[in-house]
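**Q** I'd like to ask you about the structure that follows.
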Amino acid sequence: MADHVLVTGGAGYIGSHACKVLKAAGFVPVAFDNLSTGWSEAVRYGPLAQGDLMDRASIDAAFAQYKPVAVMHFAALSLVGVSMKDPGTYWRVNVNGSLNLIEATVAAGCRNFVFSSTCATYGDQDGVILDEDTPQRPINAYGASKRAIEEMLANFGAAYDLNHVIFRYFNVAGADPDGEIGEQHEPETHLIPLMLEAIEGKRPALTVFGTDYDTPDGTCIRDYVHVMDLAEAHVLGLKHLLAGKGNGVYCLGTGKGFSVREVIEQSRVVTNREVPVVMGDRRAGDAVALVSGSARAVRELGWQPTRSTLPTMITDAWRWSQAHPFKE
């Protein structure tokens, strides 16, 4: 019988893609989700255990029913701007929810934990390629809450032999190339889907925040990873733990990044449509360039981000956006 893996946030964008890759790798993904931002229609690769990380009893029930060999933890509040305005909610939900999950994991005798962290733990360290040894200096409650969970895992690892792999990354883009699942957020805040919505007339235009940055074309540079490459990294991390190879922290990125204008131009090429654009002022706190390397993940996990090119990410996202099988 195939081993079960408990995937928190398994009905969400990244979590559902991870479930697809887990199933392909021979596991049974159990999506643990309260469906506050996830979609039940995205749970198609294993069972849905509807529950909430703030409700310890629902976590314990999922462990008792499915007896997972590992946890893959994606569920979190993740809007940076909101976390600046309402830090208490982010600390309460992300940190307390994760503590409930980690304690339930240990209590159930499960000893393998893959955590989806964020490069937001590094804060505003502009113009350098971030790696696992870069000092963590988060500047918002979202990044700070994720760093706290990383520290929590280190503590529980030392006390209870909880084996763990941590992944840090910036922007995730693209969609399942088979068209089964894709990116859907309410509200949408990510550049590529916002741009595609503008192309399709679902919003008046895409706003570009700042055109006078110290970059080749004046717009911010950000790193992007294809959601399927990201999901595959998490499964490689899981296999690393199950093989007894020890704990690890891994950054996932291209090491290059793309400017906003580059993303817009590539979208025009892929869709053969012009992108309605409005030029706006800079947003407070936006860094010039945020880029992450992934040399350690390539070396130690054998990760190969084959889909993380701008044409591929936009093409897959465009295909999903046009089909949107469960968008309203």
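Just remember, in the structure tokens the first chain shown is A, the second B, etc., residues are 1-based per chain, and ligands are 1-based in the order shown.
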Using only C-alpha atoms, I'd like a table of the residues in stretch 228-319 of chain A that come within 9 Å of stretch 172-180 of chain A; for each, show the closest atom pair and its distance in Å rounded to one decimal, ordered by chain and ascending number, as a tab-separated table.
**A**
```
residue	atom	partner	partner_atom	distance
A:Met228	CA	A:Asp176	CA	6.5
A:Leu230	CA	A:Val172	CA	7.8
A:Arg307	CA	A:Gly174	CA	8.8
A:Ser308	CA	A:Ala173	CA	8.5
A:Thr312	CA	A:Gly174	CA	7.5
A:Met313	CA	A:Gly174	CA	4.2
A:Ile314	CA	A:Gly174	CA	6.0
A:Thr315	CA	A:Gly174	CA	7.5
A:Asp316	CA	A:Gly174	CA	5.2
A:Ala317	CA	A:Gly174	CA	4.5
A:Trp318	CA	A:Gly174	CA	8.2
A:Arg319	CA	A:Gly179	CA	7.3
```
**Q** Could you turn the residues from that selection into a file that holds all heavy atoms, as an mmCIF file, in the first residue's frame?
**A**
```
data_model
loop_
_atom_site.group_PDB
_atom_site.id
_atom_site.type_symbol
_atom_site.label_atom_id
_atom_site.label_comp_id
_atom_site.auth_asym_id
_atom_site.auth_seq_id
_atom_site.Cartn_x
_atom_site.Cartn_y
_atom_site.Cartn_z
ATOM 1 N N MET A 228 5.291 23.695 -11.014
ATOM 2 C CA MET A 228 5.583 22.264 -11.096
ATOM 3 C C MET A 228 7.023 21.968 -10.678
ATOM 4 O O MET A 228 7.292 20.949 -10.029
ATOM 5 C CB MET A 228 5.308 21.751 -12.511
ATOM 6 C CG MET A 228 3.833 21.722 -12.887
ATOM 7 S SD MET A 228 2.832 20.624 -11.845
ATOM 8 C CE MET A 228 3.333 19.016 -12.483
ATOM 9 N N LEU A 230 8.633 23.711 -8.527
ATOM 10 C CA LEU A 230 8.601 23.892 -7.078
ATOM 11 C C LEU A 230 8.038 22.654 -6.387
ATOM 12 O O LEU A 230 8.587 22.167 -5.387
ATOM 13 C CB LEU A 230 7.762 25.116 -6.729
ATOM 14 C CG LEU A 230 7.798 25.522 -5.260
ATOM 15 C CD1 LEU A 230 9.082 26.263 -4.937
ATOM 16 C CD2 LEU A 230 6.590 26.367 -4.906
ATOM 17 N N ARG A 307 11.153 23.814 -16.112
ATOM 18 C CA ARG A 307 10.041 24.605 -16.631
ATOM 19 C C ARG A 307 10.117 26.076 -16.227
ATOM 20 O O ARG A 307 9.257 26.866 -16.629
ATOM 21 C CB ARG A 307 8.699 24.018 -16.165
ATOM 22 C CG ARG A 307 8.466 22.570 -16.582
ATOM 23 C CD ARG A 307 7.021 22.157 -16.396
ATOM 24 N NE ARG A 307 6.154 22.849 -17.334
ATOM 25 C CZ ARG A 307 5.942 22.478 -18.595
ATOM 26 N NH1 ARG A 307 6.560 21.418 -19.083
ATOM 27 N NH2 ARG A 307 5.131 23.157 -19.372
ATOM 28 N N SER A 308 11.143 26.442 -15.456
ATOM 29 C CA SER A 308 11.201 27.797 -14.903
ATOM 30 C C SER A 308 11.839 28.803 -15.863
ATOM 31 O O SER A 308 12.743 29.556 -15.507
ATOM 32 C CB SER A 308 11.937 27.786 -13.565
ATOM 33 O OG SER A 308 11.211 27.039 -12.613
ATOM 34 N N THR A 312 7.801 29.470 -20.796
ATOM 35 C CA THR A 312 7.052 28.297 -20.337
ATOM 36 C C THR A 312 6.071 28.661 -19.233
ATOM 37 O O THR A 312 4.908 28.230 -19.243
ATOM 38 C CB THR A 312 8.016 27.207 -19.844
ATOM 39 O OG1 THR A 312 8.882 26.823 -20.910
ATOM 40 C CG2 THR A 312 7.247 25.974 -19.368
ATOM 41 N N MET A 313 6.518 29.457 -18.266
ATOM 42 C CA MET A 313 5.628 29.826 -17.159
ATOM 43 C C MET A 313 4.415 30.609 -17.661
ATOM 44 O O MET A 313 3.278 30.353 -17.244
ATOM 45 C CB MET A 313 6.400 30.634 -16.106
ATOM 46 C CG MET A 313 7.391 29.791 -15.325
ATOM 47 S SD MET A 313 8.191 30.665 -13.944
ATOM 48 C CE MET A 313 9.374 31.685 -14.826
ATOM 49 N N ILE A 314 4.652 31.545 -18.570
ATOM 50 C CA ILE A 314 3.533 32.338 -19.085
ATOM 51 C C ILE A 314 2.637 31.506 -19.990
ATOM 52 O O ILE A 314 1.398 31.630 -19.934
ATOM 53 C CB ILE A 314 4.059 33.588 -19.807
ATOM 54 C CG1 ILE A 314 4.758 34.513 -18.799
ATOM 55 C CG2 ILE A 314 2.920 34.336 -20.499
ATOM 56 C CD1 ILE A 314 5.445 35.702 -19.422
ATOM 57 N N THR A 315 3.220 30.651 -20.807
ATOM 58 C CA THR A 315 2.417 29.791 -21.684
ATOM 59 C C THR A 315 1.483 28.901 -20.871
ATOM 60 O O THR A 315 0.287 28.779 -21.175
ATOM 61 C CB THR A 315 3.323 28.926 -22.566
ATOM 62 O OG1 THR A 315 4.082 29.771 -23.438
ATOM 63 C CG2 THR A 315 2.506 27.946 -23.408
ATOM 64 N N ASP A 316 2.015 28.268 -19.834
ATOM 65 C CA ASP A 316 1.179 27.390 -19.003
ATOM 66 C C ASP A 316 0.105 28.183 -18.257
ATOM 67 O O ASP A 316 -1.047 27.742 -18.137
ATOM 68 C CB ASP A 316 2.050 26.617 -18.013
ATOM 69 C CG ASP A 316 2.913 25.557 -18.682
ATOM 70 O OD1 ASP A 316 2.657 25.237 -19.866
ATOM 71 O OD2 ASP A 316 3.845 25.045 -18.034
ATOM 72 N N ALA A 317 0.481 29.360 -17.758
ATOM 73 C CA ALA A 317 -0.506 30.196 -17.067
ATOM 74 C C ALA A 317 -1.588 30.682 -18.022
ATOM 75 O O ALA A 317 -2.772 30.749 -17.667
ATOM 76 C CB ALA A 317 0.199 31.386 -16.411
ATOM 77 N N TRP A 318 -1.211 31.024 -19.239
ATOM 78 C CA TRP A 318 -2.157 31.504 -20.246
ATOM 79 C C TRP A 318 -3.141 30.401 -20.635
ATOM 80 O O TRP A 318 -4.349 30.626 -20.758
ATOM 81 C CB TRP A 318 -1.387 32.008 -21.461
ATOM 82 C CG TRP A 318 -2.205 32.484 -22.623
ATOM 83 C CD1 TRP A 318 -2.136 32.024 -23.909
ATOM 84 C CD2 TRP A 318 -3.177 33.548 -22.649
ATOM 85 N NE1 TRP A 318 -3.002 32.713 -24.719
ATOM 86 C CE2 TRP A 318 -3.651 33.657 -23.971
ATOM 87 C CE3 TRP A 318 -3.687 34.402 -21.673
ATOM 88 C CZ2 TRP A 318 -4.619 34.587 -24.342
ATOM 89 C CZ3 TRP A 318 -4.653 35.327 -22.050
ATOM 90 C CH2 TRP A 318 -5.101 35.410 -23.364
ATOM 91 N N ARG A 319 -2.632 29.203 -20.798
ATOM 92 C CA ARG A 319 -3.501 28.070 -21.136
ATOM 93 C C ARG A 319 -4.532 27.863 -20.032
ATOM 94 O O ARG A 319 -5.724 27.671 -20.296
ATOM 95 C CB ARG A 319 -2.654 26.805 -21.320
ATOM 96 C CG ARG A 319 -3.468 25.582 -21.738
ATOM 97 C CD ARG A 319 -2.633 24.322 -21.742
ATOM 98 N NE ARG A 319 -1.469 24.434 -22.622
ATOM 99 C CZ ARG A 319 -0.207 24.436 -22.204
ATOM 100 N NH1 ARG A 319 0.053 24.361 -20.905
ATOM 101 N NH2 ARG A 319 0.783 24.512 -23.055
#
```
**Q** How far is it from atom CA of A:Tyr213 to atom CA of A:Gly81, in Å with one decimal?
**A**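 Separation between atom CA of A:Tyr213 and atom CA of A:Gly81: 20.7 Å.
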**Q** Please give the complete set of residues from stretch 118-304 of chain A that DSSP, run on the backbone, assigns to alpha helix (DSSP H), formatted as a count of residues only.
**A** 59
**Q** Let's see if you can do this: from backbone DSSP, list all strand (DSSP E or B) residues in stretch 154-209 of chain A, as an MDAnalysis selection string.
**A** chainID A and resid 163:169 171:173 206:209
**Q** Quick one: everything within 6 Å of A:Val114, counting only C-alpha atoms, minus sequence neighbours fewer than 4 positions away in the same chain. Send it as a list of chain:residue names.
**A** A:Met72, A:His164, A:Val165
**Q** May I ask for the distance between atom CA of A:Ser294 and atom CA of A:Leu241, given in Å to one decimal place?
**A** 18.6 Å
**Q** Find the residues near A:Leu6: any atom within 7 Å, counting only C-alpha atoms, skip ones fewer than 2 places away on the same chain, and give them as an MDAnalysis selection string.
**A** chainID A and resid 4 8 29:32 68 70:72
**Q** Do a neighbour search on A:Ala25 at 12 Å with only C-alpha atoms, toss out local chain neighbours closer than 5 positions, and write the hits as a PyMOL selection string.
**A** chain A and resi 2-5+18-20+45+231-232+234-236+238-239
**Q** Please produce a file of the residues just selected, as a PDB file, in the first residue's frame, where the atoms kept are N, CA, C and O atoms.
**A**
```
ATOM      1  N   ALA A   2       0.478   2.227  -0.799  1.00  0.00           N
ATOM      2  CA  ALA A   2       1.265   3.449  -0.916  1.00  0.00           C
ATOM      3  C   ALA A   2       1.214   4.254   0.377  1.00  0.00           C
ATOM      4  O   ALA A   2       0.201   4.269   1.089  1.00  0.00           O
ATOM      5  N   ASP A   3       2.306   4.924   0.676  1.00  0.00           N
ATOM      6  CA  ASP A   3       2.387   5.754   1.864  1.00  0.00           C
ATOM      7  C   ASP A   3       1.582   7.038   1.681  1.00  0.00           C
ATOM      8  O   ASP A   3       1.568   7.633   0.599  1.00  0.00           O
ATOM      9  N   HIS A   4       0.948   7.476   2.767  1.00  0.00           N
ATOM     10  CA  HIS A   4       0.197   8.725   2.756  1.00  0.00           C
ATOM     11  C   HIS A   4       1.092   9.879   3.197  1.00  0.00           C
ATOM     12  O   HIS A   4       1.971   9.715   4.043  1.00  0.00           O
ATOM     13  N   VAL A   5       0.851  11.044   2.616  1.00  0.00           N
ATOM     14  CA  VAL A   5       1.537  12.272   3.004  1.00  0.00           C
ATOM     15  C   VAL A   5       0.468  13.321   3.279  1.00  0.00           C
ATOM     16  O   VAL A   5      -0.405  13.561   2.431  1.00  0.00           O
ATOM     17  N   ALA A  18       1.579  20.193  -5.680  1.00  0.00           N
ATOM     18  CA  ALA A  18       2.392  19.238  -4.935  1.00  0.00           C
ATOM     19  C   ALA A  18       1.679  17.897  -4.822  1.00  0.00           C
ATOM     20  O   ALA A  18       2.309  16.834  -4.925  1.00  0.00           O
ATOM     21  N   CYS A  19       0.362  17.928  -4.610  1.00  0.00           N
ATOM     22  CA  CYS A  19      -0.409  16.679  -4.536  1.00  0.00           C
ATOM     23  C   CYS A  19      -0.318  15.905  -5.850  1.00  0.00           C
ATOM     24  O   CYS A  19      -0.187  14.675  -5.856  1.00  0.00           O
ATOM     25  N   LYS A  20      -0.365  16.612  -6.969  1.00  0.00           N
ATOM     26  CA  LYS A  20      -0.258  15.946  -8.269  1.00  0.00           C
ATOM     27  C   LYS A  20       1.097  15.250  -8.412  1.00  0.00           C
ATOM     28  O   LYS A  20       1.177  14.098  -8.847  1.00  0.00           O
ATOM     29  N   TYR A  45      -6.212  14.356  -6.381  1.00  0.00           N
ATOM     30  CA  TYR A  45      -5.147  13.350  -6.435  1.00  0.00           C
ATOM     31  C   TYR A  45      -5.097  12.482  -5.185  1.00  0.00           C
ATOM     32  O   TYR A  45      -4.244  11.614  -5.057  1.00  0.00           O
ATOM     33  N   ALA A 231       6.945  22.130  -6.920  1.00  0.00           N
ATOM     34  CA  ALA A 231       6.337  20.933  -6.344  1.00  0.00           C
ATOM     35  C   ALA A 231       7.303  19.754  -6.399  1.00  0.00           C
ATOM     36  O   ALA A 231       7.415  18.976  -5.441  1.00  0.00           O
ATOM     37  N   GLU A 232       8.014  19.634  -7.509  1.00  0.00           N
ATOM     38  CA  GLU A 232       8.967  18.537  -7.630  1.00  0.00           C
ATOM     39  C   GLU A 232      10.101  18.674  -6.620  1.00  0.00           C
ATOM     40  O   GLU A 232      10.593  17.672  -6.083  1.00  0.00           O
ATOM     41  N   HIS A 234       9.813  19.881  -3.627  1.00  0.00           N
ATOM     42  CA  HIS A 234       9.275  19.433  -2.342  1.00  0.00           C
ATOM     43  C   HIS A 234       9.228  17.906  -2.258  1.00  0.00           C
ATOM     44  O   HIS A 234       9.490  17.332  -1.194  1.00  0.00           O
ATOM     45  N   VAL A 235       8.908  17.255  -3.347  1.00  0.00           N
ATOM     46  CA  VAL A 235       8.889  15.787  -3.340  1.00  0.00           C
ATOM     47  C   VAL A 235      10.315  15.244  -3.236  1.00  0.00           C
ATOM     48  O   VAL A 235      10.561  14.248  -2.539  1.00  0.00           O
ATOM     49  N   LEU A 236      11.262  15.891  -3.886  1.00  0.00           N
ATOM     50  CA  LEU A 236      12.665  15.485  -3.734  1.00  0.00           C
ATOM     51  C   LEU A 236      13.117  15.670  -2.287  1.00  0.00           C
ATOM     52  O   LEU A 236      13.870  14.844  -1.747  1.00  0.00           O
ATOM     53  N   LEU A 238      11.172  15.448   0.325  1.00  0.00           N
ATOM     54  CA  LEU A 238      10.539  14.354   1.052  1.00  0.00           C
ATOM     55  C   LEU A 238      11.342  13.058   0.894  1.00  0.00           C
ATOM     56  O   LEU A 238      11.615  12.352   1.876  1.00  0.00           O
ATOM     57  N   LYS A 239      11.721  12.753  -0.333  1.00  0.00           N
ATOM     58  CA  LYS A 239      12.495  11.531  -0.574  1.00  0.00           C
ATOM     59  C   LYS A 239      13.849  11.593   0.133  1.00  0.00           C
ATOM     60  O   LYS A 239      14.353  10.570   0.627  1.00  0.00           O
TER      61      LYS A 239
END
```
**Q** Let me make sure I understand: among A:Arg283, A:His240, A:Arg56, A:Arg273, which one has the smallest atom-to-atom distance to A:Trp303 if we use only C-alpha atoms?
**A** A:His240
**Q** Name all residues at most 12 Å from A:Ser98 (count only C-alpha atoms; drop same-chain ones fewer than 2 positions away) and give them as an MDAnalysis selection string.
**A** chainID A and resid 8:9 52:56 59 71:77 90:96 100:105 113 115:117 145:153 156
**Q** I'd like to know which of A:Trp320, A:Phe209, A:Tyr66, A:Tyr160 is closest to A:Pro193, using only C-alpha atoms.
**A**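 Of A:Trp320, A:Phe209, A:Tyr66, A:Tyr160, the one nearest A:Pro193, counting only C-alpha atoms, is A:Trp320.
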**Q** Find the residue from A:Pro87, A:Phe167, A:Ser259, A:Ala108 that sits nearest to A:Asp131; use only C-alpha atoms when measuring.
**A** A:Phe167
**Q** Find the residues near A:Gln50: any atom within 9 Å, counting only C-alpha atoms, skip ones fewer than 6 places away on the same chain, and give them as a ChimeraX atom specification.
**A** /A:31-35,58,62
**Q** I need the residues from that last selection saved to file as a PDB file, in the first residue's frame (with C-alpha atoms), if you can.
**A**
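Generated file (part.pdb):
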```
ATOM      1  CA  ALA A  31      -5.078  17.471   1.352  1.00  0.00           C
ATOM      2  CA  PHE A  32      -5.635  19.035   4.774  1.00  0.00           C
ATOM      3  CA  ASP A  33      -7.405  22.336   4.149  1.00  0.00           C
ATOM      4  CA  ASN A  34     -10.088  24.567   5.654  1.00  0.00           C
ATOM      5  CA  LEU A  35     -11.036  25.775   2.134  1.00  0.00           C
ATOM      6  CA  SER A  58      -9.006  18.094  13.422  1.00  0.00           C
ATOM      7  CA  ALA A  62      -6.365  13.330  10.131  1.00  0.00           C
TER       8      ALA A  62
END
```
**Q** Considering only C-alpha atoms, state which residue in the set A:Gly248, A:Pro276, A:Pro311, A:Gly15 is at the smallest distance from A:Leu194.
**A**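 Between A:Gly248, A:Pro276, A:Pro311, A:Gly15, the residue approaching A:Leu194 most closely is A:Pro276.
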**Q** Using only C-alpha atoms, can you tell me which of A:Val106, A:His324, A:Val288, A:Pro305 comes closest to A:Thr211?
**A**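 Residue with the minimum atom-to-atom distance to A:Thr211: A:Val288.
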